[in-house]
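Written below as structure tokens is the structure these notes are about.
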Amino acid sequence: EASPEHQALMQRVAWHYHTTLLNTPQALAYLEKRGLKNSLALEKFRIGFVDKSLSKTMPPRRSKDGDRVREQLQEIGTHYESGSERFQGCIVIPIFSGEKIVGLYGRRIIDNWHCPTHLYLPGPHRGIFNPDCLKSPEIILCEAILDAVSAWIMGFENVTASYGTHGLTRDHLTLFREAQVKKVFLAYDADQAGRSGAAHASERLAVQGIHPWSIALPEEGMDVNDLLIKHNGAASGEFAKALAAAVLLDSSSEVASFSSGSSKAELIEKETSAA
């Protein structure tokens, strides 16, 4: 649990990144290319961009206040010990738990061969993207956060994301259970990795008593953002068709076949204690 001081700093950092995005043509052009330059989405999810300008807002180095702020930025994980920013050159999206920021996702848009394309704050994933989705008993679960933003832009507000193909976390399961979610529609990528991830997620959801449904995107290799880009204004209708054609993964057949040798009772005990 972050201290109030750390949380206040994280909020300030996220607001700075958001303001930076709105004033950075390169970052806005990237989002437009991916169909994500939507003013409502940018505001709701406080989407930002990291360009080194944060340091100009800090107290001077080698001052008491300056040293303390830089030390705190290292502690919350946005900065390295060297002082450089972890998410330099990234589109960033905060992850919330209530009003608190508990995570940060970055998608690098400036090529840098020795840095990962997708990155997060250090430590285990906490919270979920778009916690407003928990207001619905039926949730769409995408493989990645930008896919979930794409679905939201298409009008599907009951959407969240895992953190990659095998990134369904304890927080996801706990929050789904507490919100009494009944169905989860898995909109993972239409490739082998996506299908494997959806199978794994389906097993874990079924153990919680949540009905997992599989959404088949219309083309092999496609993800939800690809669908948004390809169909533009008609994307909502195309995704609605895929959602309507979703297949229930019955716990006595498909889901059971995903298990790696554990009995259902063992899985329930494992998931419950983990959560």
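Scheme for the structure tokens: letters A, B, ... for chains in order shown; per-chain residue numbers from 1; ligand numbers from 1 in order shown.
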Practice problem: Pick out the residues sitting within 9 Å of Leu205 (chain A), and hand them over as a ChimeraX atom specification; count only C-alpha atoms, and ignore anything fewer than 4 positions along from it in its own chain. | Solution: /A:173,183-184,200-201,209-212
Expected file contents, prior selection, N, CA, C and O atoms, as a PDB file, in the first residue's frame:
```
ATOM      1  N   LEU A 173      -9.702 -11.640 -10.432  1.00  0.00           N
ATOM      2  CA  LEU A 173     -10.626 -12.657  -9.937  1.00  0.00           C
ATOM      3  C   LEU A 173     -11.340 -12.201  -8.669  1.00  0.00           C
ATOM      4  O   LEU A 173     -12.545 -12.412  -8.515  1.00  0.00           O
ATOM      5  N   LYS A 183     -20.724 -13.401 -16.191  1.00  0.00           N
ATOM      6  CA  LYS A 183     -20.158 -13.855 -17.461  1.00  0.00           C
ATOM      7  C   LYS A 183     -18.956 -12.995 -17.810  1.00  0.00           C
ATOM      8  O   LYS A 183     -18.967 -11.778 -17.600  1.00  0.00           O
ATOM      9  N   VAL A 184     -17.942 -13.633 -18.375  1.00  0.00           N
ATOM     10  CA  VAL A 184     -16.803 -12.908 -18.934  1.00  0.00           C
ATOM     11  C   VAL A 184     -16.611 -13.373 -20.375  1.00  0.00           C
ATOM     12  O   VAL A 184     -16.487 -14.570 -20.648  1.00  0.00           O
ATOM     13  N   HIS A 200      -6.441 -20.622 -20.652  1.00  0.00           N
ATOM     14  CA  HIS A 200      -5.968 -20.549 -19.272  1.00  0.00           C
ATOM     15  C   HIS A 200      -6.894 -19.661 -18.432  1.00  0.00           C
ATOM     16  O   HIS A 200      -7.270 -20.018 -17.300  1.00  0.00           O
ATOM     17  N   ALA A 201      -7.282 -18.518 -18.989  1.00  0.00           N
ATOM     18  CA  ALA A 201      -8.187 -17.612 -18.271  1.00  0.00           C
ATOM     19  C   ALA A 201      -9.544 -18.266 -18.045  1.00  0.00           C
ATOM     20  O   ALA A 201     -10.157 -18.107 -16.977  1.00  0.00           O
ATOM     21  N   GLY A 209     -16.812 -19.820 -10.582  1.00  0.00           N
ATOM     22  CA  GLY A 209     -18.246 -19.849 -10.853  1.00  0.00           C
ATOM     23  C   GLY A 209     -18.692 -18.819 -11.873  1.00  0.00           C
ATOM     24  O   GLY A 209     -19.887 -18.527 -11.995  1.00  0.00           O
ATOM     25  N   ILE A 210     -17.729 -18.268 -12.612  1.00  0.00           N
ATOM     26  CA  ILE A 210     -18.024 -17.286 -13.657  1.00  0.00           C
ATOM     27  C   ILE A 210     -18.031 -17.999 -15.003  1.00  0.00           C
ATOM     28  O   ILE A 210     -17.105 -18.747 -15.323  1.00  0.00           O
ATOM     29  N   HIS A 211     -19.062 -17.768 -15.794  1.00  0.00           N
ATOM     30  CA  HIS A 211     -19.179 -18.442 -17.089  1.00  0.00           C
ATOM     31  C   HIS A 211     -18.261 -17.769 -18.113  1.00  0.00           C
ATOM     32  O   HIS A 211     -18.456 -16.594 -18.444  1.00  0.00           O
ATOM     33  N   PRO A 212     -17.272 -18.509 -18.634  1.00  0.00           N
ATOM     34  CA  PRO A 212     -16.378 -17.927 -19.644  1.00  0.00           C
ATOM     35  C   PRO A 212     -16.912 -18.158 -21.060  1.00  0.00           C
ATOM     36  O   PRO A 212     -17.258 -19.273 -21.429  1.00  0.00           O
TER      37      PRO A 212
END
```
Quiz item: Any idea what's packed within 10 Å of region 236-244 of chain A, counting only C-alpha atoms, ignoring anything in its chain fewer than 3 positions away? Could you give it as number ranges by chain?
Solution: A: 140, 150-156, 185-187, 213-218, 224, 227-228, 231-233, 247
Filtered DSSP result for region 46-264 of chain A, state helix (DSSP H, G or I), as a PDB file with N, CA and C atoms, in the first residue's frame:
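That gives us out.pdb:
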```pdb
ATOM      1  N   SER A  53       9.945  15.826 -19.845  1.00  0.00           N
ATOM      2  CA  SER A  53       9.627  17.171 -19.367  1.00  0.00           C
ATOM      3  C   SER A  53       9.294  17.207 -17.881  1.00  0.00           C
ATOM      4  N   LEU A  54       9.029  16.058 -17.276  1.00  0.00           N
ATOM      5  CA  LEU A  54       8.676  16.036 -15.853  1.00  0.00           C
ATOM      6  C   LEU A  54       9.792  16.632 -14.992  1.00  0.00           C
ATOM      7  N   SER A  55      11.028  16.367 -15.373  1.00  0.00           N
ATOM      8  CA  SER A  55      12.159  16.847 -14.568  1.00  0.00           C
ATOM      9  C   SER A  55      12.183  18.375 -14.470  1.00  0.00           C
ATOM     10  N   LYS A  56      11.621  19.044 -15.478  1.00  0.00           N
ATOM     11  CA  LYS A  56      11.614  20.513 -15.465  1.00  0.00           C
ATOM     12  C   LYS A  56      10.629  21.077 -14.447  1.00  0.00           C
ATOM     13  N   THR A  57       9.733  20.225 -13.950  1.00  0.00           N
ATOM     14  CA  THR A  57       8.756  20.681 -12.954  1.00  0.00           C
ATOM     15  C   THR A  57       9.224  20.408 -11.526  1.00  0.00           C
ATOM     16  N   LYS A  64      17.356  19.912  -0.981  1.00  0.00           N
ATOM     17  CA  LYS A  64      16.669  18.980  -0.089  1.00  0.00           C
ATOM     18  C   LYS A  64      15.372  18.488  -0.717  1.00  0.00           C
ATOM     19  N   ASP A  65      14.553  19.416  -1.219  1.00  0.00           N
ATOM     20  CA  ASP A  65      13.279  19.028  -1.830  1.00  0.00           C
ATOM     21  C   ASP A  65      13.490  18.242  -3.116  1.00  0.00           C
ATOM     22  N   GLY A  66      14.466  18.673  -3.911  1.00  0.00           N
ATOM     23  CA  GLY A  66      14.736  17.992  -5.173  1.00  0.00           C
ATOM     24  C   GLY A  66      15.191  16.563  -4.964  1.00  0.00           C
ATOM     25  N   ASP A  67      16.085  16.357  -3.996  1.00  0.00           N
ATOM     26  CA  ASP A  67      16.566  15.003  -3.708  1.00  0.00           C
ATOM     27  C   ASP A  67      15.428  14.123  -3.192  1.00  0.00           C
ATOM     28  N   ARG A  68      14.562  14.702  -2.360  1.00  0.00           N
ATOM     29  CA  ARG A  68      13.465  13.918  -1.795  1.00  0.00           C
ATOM     30  C   ARG A  68      12.477  13.493  -2.877  1.00  0.00           C
ATOM     31  N   VAL A  69      12.123  14.398  -3.778  1.00  0.00           N
ATOM     32  CA  VAL A  69      11.179  14.058  -4.850  1.00  0.00           C
ATOM     33  C   VAL A  69      11.764  12.969  -5.741  1.00  0.00           C
ATOM     34  N   ARG A  70      13.028  13.077  -6.100  1.00  0.00           N
ATOM     35  CA  ARG A  70      13.645  12.076  -6.975  1.00  0.00           C
ATOM     36  C   ARG A  70      13.742  10.713  -6.281  1.00  0.00           C
ATOM     37  N   GLU A  71      13.987  10.747  -4.999  1.00  0.00           N
ATOM     38  CA  GLU A  71      14.011   9.498  -4.224  1.00  0.00           C
ATOM     39  C   GLU A  71      12.617   8.849  -4.224  1.00  0.00           C
ATOM     40  N   GLN A  72      11.578   9.652  -4.047  1.00  0.00           N
ATOM     41  CA  GLN A  72      10.207   9.119  -4.055  1.00  0.00           C
ATOM     42  C   GLN A  72       9.821   8.568  -5.425  1.00  0.00           C
ATOM     43  N   LEU A  73      10.269   9.224  -6.492  1.00  0.00           N
ATOM     44  CA  LEU A  73       9.966   8.737  -7.841  1.00  0.00           C
ATOM     45  C   LEU A  73      10.607   7.374  -8.081  1.00  0.00           C
ATOM     46  N   GLN A  74      11.787   7.162  -7.526  1.00  0.00           N
ATOM     47  CA  GLN A  74      12.406   5.833  -7.604  1.00  0.00           C
ATOM     48  C   GLN A  74      11.589   4.828  -6.804  1.00  0.00           C
ATOM     49  N   GLU A  75      11.099   5.237  -5.656  1.00  0.00           N
ATOM     50  CA  GLU A  75      10.340   4.339  -4.789  1.00  0.00           C
ATOM     51  C   GLU A  75       9.016   3.921  -5.426  1.00  0.00           C
ATOM     52  N   ILE A  76       8.345   4.833  -6.110  1.00  0.00           N
ATOM     53  CA  ILE A  76       7.075   4.446  -6.751  1.00  0.00           C
ATOM     54  C   ILE A  76       7.307   3.743  -8.081  1.00  0.00           C
ATOM     55  N   PRO A 131     -12.100   0.119 -13.929  1.00  0.00           N
ATOM     56  CA  PRO A 131     -12.898  -0.530 -12.883  1.00  0.00           C
ATOM     57  C   PRO A 131     -14.401  -0.268 -12.999  1.00  0.00           C
ATOM     58  N   ASP A 132     -14.813   0.704 -13.798  1.00  0.00           N
ATOM     59  CA  ASP A 132     -16.246   0.925 -14.024  1.00  0.00           C
ATOM     60  C   ASP A 132     -16.916  -0.283 -14.677  1.00  0.00           C
ATOM     61  N   CYS A 133     -16.111  -1.147 -15.291  1.00  0.00           N
ATOM     62  CA  CYS A 133     -16.686  -2.345 -15.916  1.00  0.00           C
ATOM     63  C   CYS A 133     -17.385  -3.221 -14.884  1.00  0.00           C
ATOM     64  N   LEU A 134     -16.981  -3.097 -13.622  1.00  0.00           N
ATOM     65  CA  LEU A 134     -17.531  -3.939 -12.559  1.00  0.00           C
ATOM     66  C   LEU A 134     -18.982  -3.613 -12.231  1.00  0.00           C
ATOM     67  N   LYS A 135     -19.506  -2.545 -12.815  1.00  0.00           N
ATOM     68  CA  LYS A 135     -20.913  -2.206 -12.619  1.00  0.00           C
ATOM     69  C   LYS A 135     -21.825  -3.147 -13.403  1.00  0.00           C
ATOM     70  N   ILE A 145      -4.380  -3.788 -22.816  1.00  0.00           N
ATOM     71  CA  ILE A 145      -5.075  -2.569 -22.419  1.00  0.00           C
ATOM     72  C   ILE A 145      -5.499  -1.736 -23.626  1.00  0.00           C
ATOM     73  N   LEU A 146      -4.648  -1.616 -24.644  1.00  0.00           N
ATOM     74  CA  LEU A 146      -5.043  -0.821 -25.802  1.00  0.00           C
ATOM     75  C   LEU A 146      -6.178  -1.483 -26.579  1.00  0.00           C
ATOM     76  N   ASP A 147      -6.283  -2.798 -26.508  1.00  0.00           N
ATOM     77  CA  ASP A 147      -7.452  -3.476 -27.087  1.00  0.00           C
ATOM     78  C   ASP A 147      -8.711  -3.098 -26.315  1.00  0.00           C
ATOM     79  N   ALA A 148      -8.595  -3.025 -24.987  1.00  0.00           N
ATOM     80  CA  ALA A 148      -9.755  -2.653 -24.168  1.00  0.00           C
ATOM     81  C   ALA A 148     -10.172  -1.207 -24.432  1.00  0.00           C
ATOM     82  N   VAL A 149      -9.200  -0.320 -24.597  1.00  0.00           N
ATOM     83  CA  VAL A 149      -9.534   1.066 -24.965  1.00  0.00           C
ATOM     84  C   VAL A 149     -10.265   1.079 -26.302  1.00  0.00           C
ATOM     85  N   SER A 150      -9.825   0.235 -27.232  1.00  0.00           N
ATOM     86  CA  SER A 150     -10.468   0.145 -28.550  1.00  0.00           C
ATOM     87  C   SER A 150     -11.927  -0.271 -28.419  1.00  0.00           C
ATOM     88  N   ALA A 151     -12.191  -1.294 -27.597  1.00  0.00           N
ATOM     89  CA  ALA A 151     -13.570  -1.754 -27.400  1.00  0.00           C
ATOM     90  C   ALA A 151     -14.411  -0.664 -26.741  1.00  0.00           C
ATOM     91  N   TRP A 152     -13.825   0.060 -25.796  1.00  0.00           N
ATOM     92  CA  TRP A 152     -14.551   1.146 -25.121  1.00  0.00           C
ATOM     93  C   TRP A 152     -14.939   2.229 -26.126  1.00  0.00           C
ATOM     94  N   ILE A 153     -14.021   2.571 -27.018  1.00  0.00           N
ATOM     95  CA  ILE A 153     -14.297   3.577 -28.048  1.00  0.00           C
ATOM     96  C   ILE A 153     -15.422   3.100 -28.966  1.00  0.00           C
ATOM     97  N   ARG A 170      -4.837 -12.173  -9.628  1.00  0.00           N
ATOM     98  CA  ARG A 170      -5.649 -12.391  -8.431  1.00  0.00           C
ATOM     99  C   ARG A 170      -6.610 -11.229  -8.216  1.00  0.00           C
ATOM    100  N   ASP A 171      -6.151 -10.006  -8.505  1.00  0.00           N
ATOM    101  CA  ASP A 171      -7.033  -8.852  -8.357  1.00  0.00           C
ATOM    102  C   ASP A 171      -8.230  -8.944  -9.300  1.00  0.00           C
ATOM    103  N   HIS A 172      -7.991  -9.352 -10.548  1.00  0.00           N
ATOM    104  CA  HIS A 172      -9.118  -9.545 -11.468  1.00  0.00           C
ATOM    105  C   HIS A 172     -10.160 -10.480 -10.847  1.00  0.00           C
ATOM    106  N   LEU A 173      -9.702 -11.640 -10.432  1.00  0.00           N
ATOM    107  CA  LEU A 173     -10.626 -12.657  -9.937  1.00  0.00           C
ATOM    108  C   LEU A 173     -11.340 -12.201  -8.669  1.00  0.00           C
ATOM    109  N   THR A 174     -10.610 -11.578  -7.770  1.00  0.00           N
ATOM    110  CA  THR A 174     -11.222 -11.088  -6.526  1.00  0.00           C
ATOM    111  C   THR A 174     -12.279 -10.035  -6.819  1.00  0.00           C
ATOM    112  N   LEU A 175     -11.939  -9.079  -7.670  1.00  0.00           N
ATOM    113  CA  LEU A 175     -12.881  -8.004  -7.985  1.00  0.00           C
ATOM    114  C   LEU A 175     -14.093  -8.515  -8.756  1.00  0.00           C
ATOM    115  N   PHE A 176     -13.876  -9.446  -9.678  1.00  0.00           N
ATOM    116  CA  PHE A 176     -15.007 -10.040 -10.398  1.00  0.00           C
ATOM    117  C   PHE A 176     -15.949 -10.745  -9.420  1.00  0.00           C
ATOM    118  N   ARG A 177     -15.357 -11.500  -8.497  1.00  0.00           N
ATOM    119  CA  ARG A 177     -16.167 -12.245  -7.543  1.00  0.00           C
ATOM    120  C   ARG A 177     -16.935 -11.295  -6.617  1.00  0.00           C
ATOM    121  N   GLU A 178     -16.248 -10.274  -6.115  1.00  0.00           N
ATOM    122  CA  GLU A 178     -16.904  -9.322  -5.209  1.00  0.00           C
ATOM    123  C   GLU A 178     -18.010  -8.540  -5.908  1.00  0.00           C
ATOM    124  N   GLN A 192      -2.384 -18.243 -31.910  1.00  0.00           N
ATOM    125  CA  GLN A 192      -2.190 -19.373 -31.003  1.00  0.00           C
ATOM    126  C   GLN A 192      -1.930 -18.910 -29.579  1.00  0.00           C
ATOM    127  N   ALA A 193      -1.136 -17.853 -29.420  1.00  0.00           N
ATOM    128  CA  ALA A 193      -0.859 -17.347 -28.076  1.00  0.00           C
ATOM    129  C   ALA A 193      -2.137 -16.838 -27.421  1.00  0.00           C
ATOM    130  N   GLY A 194      -2.966 -16.150 -28.190  1.00  0.00           N
ATOM    131  CA  GLY A 194      -4.223 -15.642 -27.653  1.00  0.00           C
ATOM    132  C   GLY A 194      -5.169 -16.758 -27.259  1.00  0.00           C
ATOM    133  N   ARG A 195      -5.245 -17.781 -28.097  1.00  0.00           N
ATOM    134  CA  ARG A 195      -6.132 -18.909 -27.775  1.00  0.00           C
ATOM    135  C   ARG A 195      -5.644 -19.649 -26.535  1.00  0.00           C
ATOM    136  N   SER A 196      -4.326 -19.788 -26.406  1.00  0.00           N
ATOM    137  CA  SER A 196      -3.778 -20.439 -25.216  1.00  0.00           C
ATOM    138  C   SER A 196      -4.070 -19.616 -23.970  1.00  0.00           C
ATOM    139  N   GLY A 197      -3.897 -18.299 -24.072  1.00  0.00           N
ATOM    140  CA  GLY A 197      -4.180 -17.430 -22.937  1.00  0.00           C
ATOM    141  C   GLY A 197      -5.647 -17.450 -22.553  1.00  0.00           C
ATOM    142  N   ALA A 198      -6.524 -17.453 -23.554  1.00  0.00           N
ATOM    143  CA  ALA A 198      -7.959 -17.497 -23.282  1.00  0.00           C
ATOM    144  C   ALA A 198      -8.348 -18.807 -22.608  1.00  0.00           C
ATOM    145  N   ALA A 199      -7.712 -19.907 -23.025  1.00  0.00           N
ATOM    146  CA  ALA A 199      -7.987 -21.199 -22.404  1.00  0.00           C
ATOM    147  C   ALA A 199      -7.602 -21.193 -20.930  1.00  0.00           C
ATOM    148  N   HIS A 200      -6.441 -20.622 -20.652  1.00  0.00           N
ATOM    149  CA  HIS A 200      -5.968 -20.549 -19.272  1.00  0.00           C
ATOM    150  C   HIS A 200      -6.894 -19.661 -18.432  1.00  0.00           C
ATOM    151  N   ALA A 201      -7.282 -18.518 -18.989  1.00  0.00           N
ATOM    152  CA  ALA A 201      -8.187 -17.612 -18.271  1.00  0.00           C
ATOM    153  C   ALA A 201      -9.544 -18.266 -18.045  1.00  0.00           C
ATOM    154  N   SER A 202     -10.020 -18.995 -19.028  1.00  0.00           N
ATOM    155  CA  SER A 202     -11.322 -19.653 -18.919  1.00  0.00           C
ATOM    156  C   SER A 202     -11.357 -20.626 -17.757  1.00  0.00           C
ATOM    157  N   GLU A 203     -10.298 -21.382 -17.599  1.00  0.00           N
ATOM    158  CA  GLU A 203     -10.228 -22.337 -16.492  1.00  0.00           C
ATOM    159  C   GLU A 203     -10.327 -21.620 -15.147  1.00  0.00           C
ATOM    160  N   ARG A 204      -9.592 -20.543 -15.019  1.00  0.00           N
ATOM    161  CA  ARG A 204      -9.561 -19.827 -13.742  1.00  0.00           C
ATOM    162  C   ARG A 204     -10.902 -19.142 -13.464  1.00  0.00           C
ATOM    163  N   LEU A 205     -11.539 -18.633 -14.488  1.00  0.00           N
ATOM    164  CA  LEU A 205     -12.851 -18.008 -14.314  1.00  0.00           C
ATOM    165  C   LEU A 205     -13.898 -19.040 -13.911  1.00  0.00           C
ATOM    166  N   ALA A 206     -13.873 -20.196 -14.568  1.00  0.00           N
ATOM    167  CA  ALA A 206     -14.854 -21.235 -14.279  1.00  0.00           C
ATOM    168  C   ALA A 206     -14.748 -21.714 -12.840  1.00  0.00           C
ATOM    169  N   VAL A 207     -13.528 -21.771 -12.332  1.00  0.00           N
ATOM    170  CA  VAL A 207     -13.318 -22.175 -10.946  1.00  0.00           C
ATOM    171  C   VAL A 207     -14.028 -21.218  -9.988  1.00  0.00           C
ATOM    172  N   VAL A 224      -8.370  -6.785 -31.128  1.00  0.00           N
ATOM    173  CA  VAL A 224      -9.511  -5.861 -31.093  1.00  0.00           C
ATOM    174  C   VAL A 224      -9.144  -4.511 -31.689  1.00  0.00           C
ATOM    175  N   ASN A 225      -7.917  -4.062 -31.468  1.00  0.00           N
ATOM    176  CA  ASN A 225      -7.505  -2.794 -32.068  1.00  0.00           C
ATOM    177  C   ASN A 225      -7.420  -2.897 -33.582  1.00  0.00           C
ATOM    178  N   ASP A 226      -6.963  -4.045 -34.095  1.00  0.00           N
ATOM    179  CA  ASP A 226      -6.948  -4.248 -35.550  1.00  0.00           C
ATOM    180  C   ASP A 226      -8.353  -4.105 -36.122  1.00  0.00           C
ATOM    181  N   LEU A 227      -9.332  -4.668 -35.431  1.00  0.00           N
ATOM    182  CA  LEU A 227     -10.719  -4.591 -35.886  1.00  0.00           C
ATOM    183  C   LEU A 227     -11.193  -3.139 -35.937  1.00  0.00           C
ATOM    184  N   LEU A 228     -10.830  -2.361 -34.918  1.00  0.00           N
ATOM    185  CA  LEU A 228     -11.196  -0.944 -34.884  1.00  0.00           C
ATOM    186  C   LEU A 228     -10.578  -0.197 -36.060  1.00  0.00           C
ATOM    187  N   ILE A 229      -9.305  -0.463 -36.338  1.00  0.00           N
ATOM    188  CA  ILE A 229      -8.619   0.229 -37.427  1.00  0.00           C
ATOM    189  C   ILE A 229      -9.208  -0.172 -38.779  1.00  0.00           C
ATOM    190  N   LYS A 230      -9.422  -1.454 -38.980  1.00  0.00           N
ATOM    191  CA  LYS A 230      -9.872  -1.946 -40.285  1.00  0.00           C
ATOM    192  C   LYS A 230     -11.276  -1.475 -40.633  1.00  0.00           C
ATOM    193  N   HIS A 231     -12.187  -1.504 -39.645  1.00  0.00           N
ATOM    194  CA  HIS A 231     -13.600  -1.230 -39.942  1.00  0.00           C
ATOM    195  C   HIS A 231     -14.036   0.187 -39.564  1.00  0.00           C
ATOM    196  N   ASN A 232     -13.182   0.902 -38.862  1.00  0.00           N
ATOM    197  CA  ASN A 232     -13.437   2.309 -38.543  1.00  0.00           C
ATOM    198  C   ASN A 232     -14.870   2.511 -38.023  1.00  0.00           C
ATOM    199  N   GLY A 233     -15.697   3.242 -38.758  1.00  0.00           N
ATOM    200  CA  GLY A 233     -17.045   3.546 -38.281  1.00  0.00           C
ATOM    201  C   GLY A 233     -17.946   2.335 -38.133  1.00  0.00           C
ATOM    202  N   ALA A 234     -17.613   1.244 -38.842  1.00  0.00           N
ATOM    203  CA  ALA A 234     -18.423   0.025 -38.767  1.00  0.00           C
ATOM    204  C   ALA A 234     -17.886  -0.968 -37.748  1.00  0.00           C
ATOM    205  N   ALA A 235     -16.834  -0.581 -37.031  1.00  0.00           N
ATOM    206  CA  ALA A 235     -16.181  -1.519 -36.113  1.00  0.00           C
ATOM    207  C   ALA A 235     -17.113  -1.972 -35.003  1.00  0.00           C
ATOM    208  N   SER A 236     -17.941  -1.065 -34.492  1.00  0.00           N
ATOM    209  CA  SER A 236     -18.852  -1.425 -33.407  1.00  0.00           C
ATOM    210  C   SER A 236     -19.778  -2.547 -33.829  1.00  0.00           C
ATOM    211  N   GLY A 237     -20.316  -2.458 -35.032  1.00  0.00           N
ATOM    212  CA  GLY A 237     -21.203  -3.501 -35.529  1.00  0.00           C
ATOM    213  C   GLY A 237     -20.485  -4.823 -35.716  1.00  0.00           C
ATOM    214  N   GLU A 238     -19.241  -4.772 -36.214  1.00  0.00           N
ATOM    215  CA  GLU A 238     -18.470  -5.995 -36.423  1.00  0.00           C
ATOM    216  C   GLU A 238     -18.159  -6.672 -35.089  1.00  0.00           C
ATOM    217  N   PHE A 239     -17.800  -5.860 -34.099  1.00  0.00           N
ATOM    218  CA  PHE A 239     -17.502  -6.448 -32.792  1.00  0.00           C
ATOM    219  C   PHE A 239     -18.771  -6.991 -32.144  1.00  0.00           C
ATOM    220  N   ALA A 240     -19.888  -6.293 -32.339  1.00  0.00           N
ATOM    221  CA  ALA A 240     -21.163  -6.775 -31.798  1.00  0.00           C
ATOM    222  C   ALA A 240     -21.528  -8.133 -32.393  1.00  0.00           C
ATOM    223  N   LYS A 241     -21.243  -8.334 -33.677  1.00  0.00           N
ATOM    224  CA  LYS A 241     -21.501  -9.634 -34.318  1.00  0.00           C
ATOM    225  C   LYS A 241     -20.653 -10.725 -33.664  1.00  0.00           C
ATOM    226  N   ALA A 242     -19.379 -10.416 -33.456  1.00  0.00           N
ATOM    227  CA  ALA A 242     -18.495 -11.404 -32.824  1.00  0.00           C
ATOM    228  C   ALA A 242     -18.947 -11.707 -31.402  1.00  0.00           C
ATOM    229  N   LEU A 243     -19.406 -10.678 -30.694  1.00  0.00           N
ATOM    230  CA  LEU A 243     -19.889 -10.866 -29.323  1.00  0.00           C
ATOM    231  C   LEU A 243     -21.149 -11.738 -29.317  1.00  0.00           C
ATOM    232  N   ALA A 244     -22.049 -11.488 -30.274  1.00  0.00           N
ATOM    233  CA  ALA A 244     -23.295 -12.262 -30.348  1.00  0.00           C
ATOM    234  C   ALA A 244     -23.023 -13.728 -30.683  1.00  0.00           C
ATOM    235  N   GLU A 254     -14.847 -28.098 -22.397  1.00  0.00           N
ATOM    236  CA  GLU A 254     -13.671 -27.345 -22.804  1.00  0.00           C
ATOM    237  C   GLU A 254     -12.810 -26.921 -21.623  1.00  0.00           C
ATOM    238  N   VAL A 255     -13.437 -26.319 -20.605  1.00  0.00           N
ATOM    239  CA  VAL A 255     -12.652 -25.814 -19.487  1.00  0.00           C
ATOM    240  C   VAL A 255     -11.958 -26.935 -18.753  1.00  0.00           C
ATOM    241  N   ALA A 256     -12.670 -28.049 -18.579  1.00  0.00           N
ATOM    242  CA  ALA A 256     -12.065 -29.174 -17.887  1.00  0.00           C
ATOM    243  C   ALA A 256     -10.837 -29.668 -18.634  1.00  0.00           C
ATOM    244  N   SER A 257     -10.878 -29.594 -19.981  1.00  0.00           N
ATOM    245  CA  SER A 257      -9.755 -30.085 -20.765  1.00  0.00           C
ATOM    246  C   SER A 257      -8.540 -29.175 -20.662  1.00  0.00           C
ATOM    247  N   PHE A 258      -8.718 -27.917 -20.178  1.00  0.00           N
ATOM    248  CA  PHE A 258      -7.592 -27.021 -20.051  1.00  0.00           C
ATOM    249  C   PHE A 258      -6.761 -27.330 -18.806  1.00  0.00           C
ATOM    250  N   LYS A 264     -10.966 -29.979  -9.716  1.00  0.00           N
ATOM    251  CA  LYS A 264     -11.668 -28.705  -9.582  1.00  0.00           C
ATOM    252  C   LYS A 264     -11.633 -28.235  -8.130  1.00  0.00           C
TER     253      LYS A 264
END
```
Quiz item: Using the chain letters and numbers from this document, which residues of region 33-273 of chain A does DSSP assign to strand (DSSP E), as JSON, numbers by chain?
Solution: {"A": [48, 49, 90, 91, 92, 93, 94, 95, 96, 97, 100, 101, 102, 103, 104, 105, 106, 107, 108, 118, 119, 120, 138, 139, 140, 141, 142, 159, 160, 161, 183, 184, 185, 186, 187, 211, 212, 213, 214, 247, 248]}
Exercise. Please provide the set of residues having any atom within 12 Å of Pro25 (chain A), restricted to only C-alpha atoms, with same-chain residues fewer than 6 positions apart removed, written as number ranges by chain.
Key: A: 31-32, 37, 49, 51
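Restricting the calculation to only C-alpha atoms, the smallest distance between Gly48 (chain A) and any of A:Val92, A:Ala27, A:Ala8, A:Leu249 is found for A:Val92.
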